[in-house]
$ cat upload_33.txt   # compact mmCIF, C-alpha atoms
# COMPACT_ATOMS: atom_id res chain seq x y z
CA MET A 115 143.75 69.65 121.71
CA GLY A 116 143.31 65.91 121.60
CA GLU A 117 141.03 62.97 121.97
CA ALA A 118 140.32 60.05 124.27
CA PRO A 119 139.12 57.17 122.08
CA SER A 120 138.18 55.08 125.12
CA TYR A 121 135.49 57.61 126.22
CA PRO A 122 135.13 58.44 123.21
CA ALA A 123 135.67 62.20 123.34
CA PHE A 124 137.41 65.03 121.51
CA PHE A 125 138.79 68.12 123.23
CA VAL A 126 138.94 71.47 121.43
CA SER A 127 140.10 74.85 122.70
CA ASP A 128 140.73 78.36 121.46
CA GLY A 129 143.21 78.90 124.28
CA THR A 130 140.54 80.38 126.54
CA THR A 131 137.66 77.91 126.52
CA LEU A 132 137.87 74.13 126.53
CA LEU A 133 135.02 72.17 124.99
CA THR A 134 134.62 68.41 125.33
CA LEU A 135 132.69 66.68 122.54
CA TRP A 136 131.38 63.28 123.63
CA GLN A 137 130.33 60.55 121.23
CA ALA A 138 127.55 58.11 122.07
CA THR A 139 128.66 54.49 122.18
CA ASP A 140 125.89 53.63 119.72
CA PRO A 141 124.28 56.73 118.14
CA ASN A 142 121.44 54.57 116.78
CA THR A 143 120.22 53.71 120.29
CA ALA A 144 121.18 56.93 122.11
CA THR A 145 118.36 58.93 123.70
CA PRO A 146 118.09 62.27 121.88
CA PHE A 147 117.68 65.54 123.78
CA GLU A 148 114.23 67.10 123.39
CA ARG A 149 114.55 70.79 124.25
CA LYS A 150 110.88 71.23 125.24
CA ASN A 151 110.77 68.19 127.54
CA ASN A 152 114.25 67.78 129.05
CA ILE A 153 116.22 69.79 131.54
CA GLY A 154 119.64 70.54 130.14
CA LEU A 155 121.49 72.48 127.50
CA HIS A 156 119.19 74.40 125.15
CA HIS A 157 122.00 75.34 122.74
CA PHE A 158 125.46 76.79 122.69
CA ALA A 159 126.75 79.56 120.48
CA LEU A 160 130.11 80.12 118.87
CA ARG A 161 131.32 83.31 117.25
CA VAL A 162 132.81 83.01 113.78
CA GLN A 163 135.16 85.48 112.12
CA ASN A 164 132.77 87.13 109.64
CA LEU A 165 129.77 86.63 107.37
CA GLU A 166 131.90 85.00 104.69
CA MET A 167 133.02 82.36 107.17
CA LEU A 168 129.45 81.86 108.36
CA ASN A 169 128.30 81.28 104.76
CA PHE A 170 131.20 78.88 104.15
CA LEU A 171 130.34 76.92 107.30
CA HIS A 172 126.68 76.78 106.28
CA GLN A 173 127.60 75.34 102.87
CA THR A 174 129.92 72.79 104.47
CA LEU A 175 127.58 71.77 107.27
CA ALA A 176 124.57 71.51 104.94
CA ILE A 177 126.23 68.52 103.25
CA THR A 178 127.72 66.98 106.40
CA GLU A 179 126.13 63.68 107.42
CA GLY A 180 124.22 63.85 110.68
CA VAL A 181 123.99 67.65 110.75
CA GLN A 182 120.57 69.26 110.40
CA ILE A 183 120.35 72.96 109.57
CA GLU A 184 117.52 74.56 111.55
CA PHE A 185 117.85 77.82 109.64
CA PRO A 186 120.55 79.21 107.31
CA PRO A 187 122.45 82.46 107.93
CA GLU A 188 120.07 85.35 108.55
CA PRO A 189 120.15 88.73 110.31
CA LEU A 190 119.99 88.45 114.09
CA GLY A 191 117.15 90.58 115.44
CA GLY A 192 117.00 92.60 112.24
CA GLY A 193 120.49 94.00 112.79
CA PRO A 194 123.76 93.66 110.89
CA THR A 195 124.93 90.64 112.91
CA HIS A 196 124.09 87.29 111.25
CA HIS A 197 123.56 83.86 112.74
CA MET A 198 122.43 80.34 111.89
CA MET A 199 121.18 77.42 113.97
CA LEU A 200 121.89 73.73 113.49
CA ASN A 201 121.67 70.40 115.25
CA ILE A 202 124.94 68.50 115.50
CA PRO A 203 124.89 64.68 115.32
CA SER A 204 124.47 64.33 119.09
CA GLY A 205 121.24 66.32 118.87
CA ILE A 206 122.63 69.41 120.57
CA ARG A 207 121.61 72.72 119.01
CA MET A 208 124.48 74.96 118.01
CA GLU A 209 124.29 78.58 116.95
CA LEU A 210 127.01 80.20 114.84
CA ILE A 211 127.17 84.00 115.02
CA ALA A 212 129.04 86.40 112.71
CA PRO A 213 129.19 89.82 114.38
CA ALA A 214 128.74 92.90 112.24
CA SER A 215 132.08 94.03 110.82
$ encode --input "upload_33.txt" --output "structure tokens"
Amino acid sequence: MGEAPSYPAFFVSDGTTLLTLWQATDPNTATPFERKNNIGLHHFALRVQNLEMLNFLHQTLAITEGVQIEFPPEPLGGGPTHHMMLNIPSGIRMELIAPAS
């Protein structure tokens, strides 16, 4: 949807949900979130179109600087839905989920 370089922030939306992505002024000195010791966001999840898209995103994100893959696409709870978990450059955990087709 846009950006505000003075914050700095980027705004993305699917027409229903608006997400603001903030950038630290200096990522090298920013305090990272530690999920077992901080109160705050544990992770957020986004649904992707299908397993093919999930695999494509995994391949792309695996070579993206600052992104750490926690685990690659795998079945969720032993069922046909697949998911993966990663840490984005800000340290926030993000889950991508491909529902069973």
$ atom_distance --input "upload_33.txt" --atom1 "CA of Asn164 in chain A" --atom2 "CA of Ala214 in chain A"
7.5 Å
$ residues_around --input "upload_33.txt" --residues "range 180-182 of chain A" --least-positions-apart "5" --cutoff "8 Å" --atoms "all atoms listed in the file" --output "ChimeraX atom specification"
/A:175,200-203
$ atom_distance --input "upload_33.txt" --atom1 "CA of Leu210 in chain A" --atom2 "CA of Leu160 in chain A"
5.1 Å
$ closest_residue --input "upload_33.txt" --among "A:Pro146, A:Ala118, A:His197, A:Phe124" --to "Leu171 in chain A" --atoms "all atoms listed in the file"
A:His197
$ residues_around --input "upload_33.txt" --residues "Leu165 in chain A" --least-positions-apart "5" --cutoff "9 Å" --atoms "all atoms listed in the file" --output "MDAnalysis selection string"
chainID A and resid 170 187 195:197 211:215
$ closest_residue --input "upload_33.txt" --among "A:Ala159, A:Ala123, A:Met167, A:Leu190" --to "Glu209 in chain A" --atoms "all atoms listed in the file"
A:Ala159
$ decode --input "upload_33.txt" --residues "range 135-155 of chain A" --atoms "N, CA and C atoms" --output "compact mmCIF listing (two decimals), in the first residue's frame"
# COMPACT_ATOMS: atom_id res chain seq x y z
N LEU A 135 5.05 -2.86 8.70
CA LEU A 135 6.38 -3.44 8.90
C LEU A 135 7.33 -2.31 9.24
N TRP A 136 7.84 -2.29 10.48
CA TRP A 136 8.73 -1.24 10.93
C TRP A 136 10.17 -1.68 10.74
N GLN A 137 11.03 -0.75 10.46
CA GLN A 137 12.46 -1.03 10.34
C GLN A 137 13.19 -0.31 11.47
N ALA A 138 14.10 -1.02 12.11
CA ALA A 138 14.91 -0.40 13.16
C ALA A 138 15.81 0.66 12.55
N THR A 139 16.04 1.73 13.27
CA THR A 139 16.93 2.78 12.78
C THR A 139 18.30 2.21 12.50
N ASP A 140 18.82 1.40 13.41
CA ASP A 140 20.10 0.73 13.22
C ASP A 140 19.94 -0.72 13.63
N PRO A 141 19.71 -1.63 12.68
CA PRO A 141 19.49 -3.04 13.02
C PRO A 141 20.64 -3.66 13.81
N ASN A 142 21.85 -3.13 13.66
CA ASN A 142 23.00 -3.69 14.37
C ASN A 142 22.95 -3.42 15.87
N THR A 143 22.23 -2.39 16.30
CA THR A 143 22.16 -2.08 17.73
C THR A 143 20.76 -2.27 18.29
N ALA A 144 19.83 -2.73 17.48
CA ALA A 144 18.45 -2.96 17.95
C ALA A 144 18.42 -4.12 18.94
N THR A 145 17.51 -4.06 19.90
CA THR A 145 17.35 -5.12 20.89
C THR A 145 16.44 -6.19 20.29
N PRO A 146 16.96 -7.41 20.11
CA PRO A 146 16.13 -8.46 19.52
C PRO A 146 15.09 -8.97 20.50
N PHE A 147 13.99 -9.47 19.97
CA PHE A 147 12.93 -10.07 20.79
C PHE A 147 13.35 -11.48 21.15
N GLU A 148 13.23 -11.84 22.41
CA GLU A 148 13.52 -13.19 22.88
C GLU A 148 12.22 -13.78 23.38
N ARG A 149 11.65 -14.71 22.63
CA ARG A 149 10.29 -15.21 22.88
C ARG A 149 10.09 -15.84 24.25
N LYS A 150 11.16 -16.36 24.87
CA LYS A 150 11.00 -17.00 26.18
C LYS A 150 11.19 -16.03 27.33
N ASN A 151 11.62 -14.79 27.03
CA ASN A 151 11.90 -13.84 28.11
C ASN A 151 11.19 -12.50 27.97
N ASN A 152 10.52 -12.26 26.86
CA ASN A 152 9.85 -10.98 26.64
C ASN A 152 8.35 -11.17 26.54
N ILE A 153 7.62 -10.17 26.95
CA ILE A 153 6.19 -10.15 26.71
C ILE A 153 6.00 -9.50 25.35
N GLY A 154 5.19 -10.09 24.51
CA GLY A 154 4.97 -9.51 23.19
C GLY A 154 4.57 -10.59 22.20
N LEU A 155 4.70 -10.26 20.96
CA LEU A 155 4.29 -11.14 19.87
C LEU A 155 5.15 -12.39 19.83
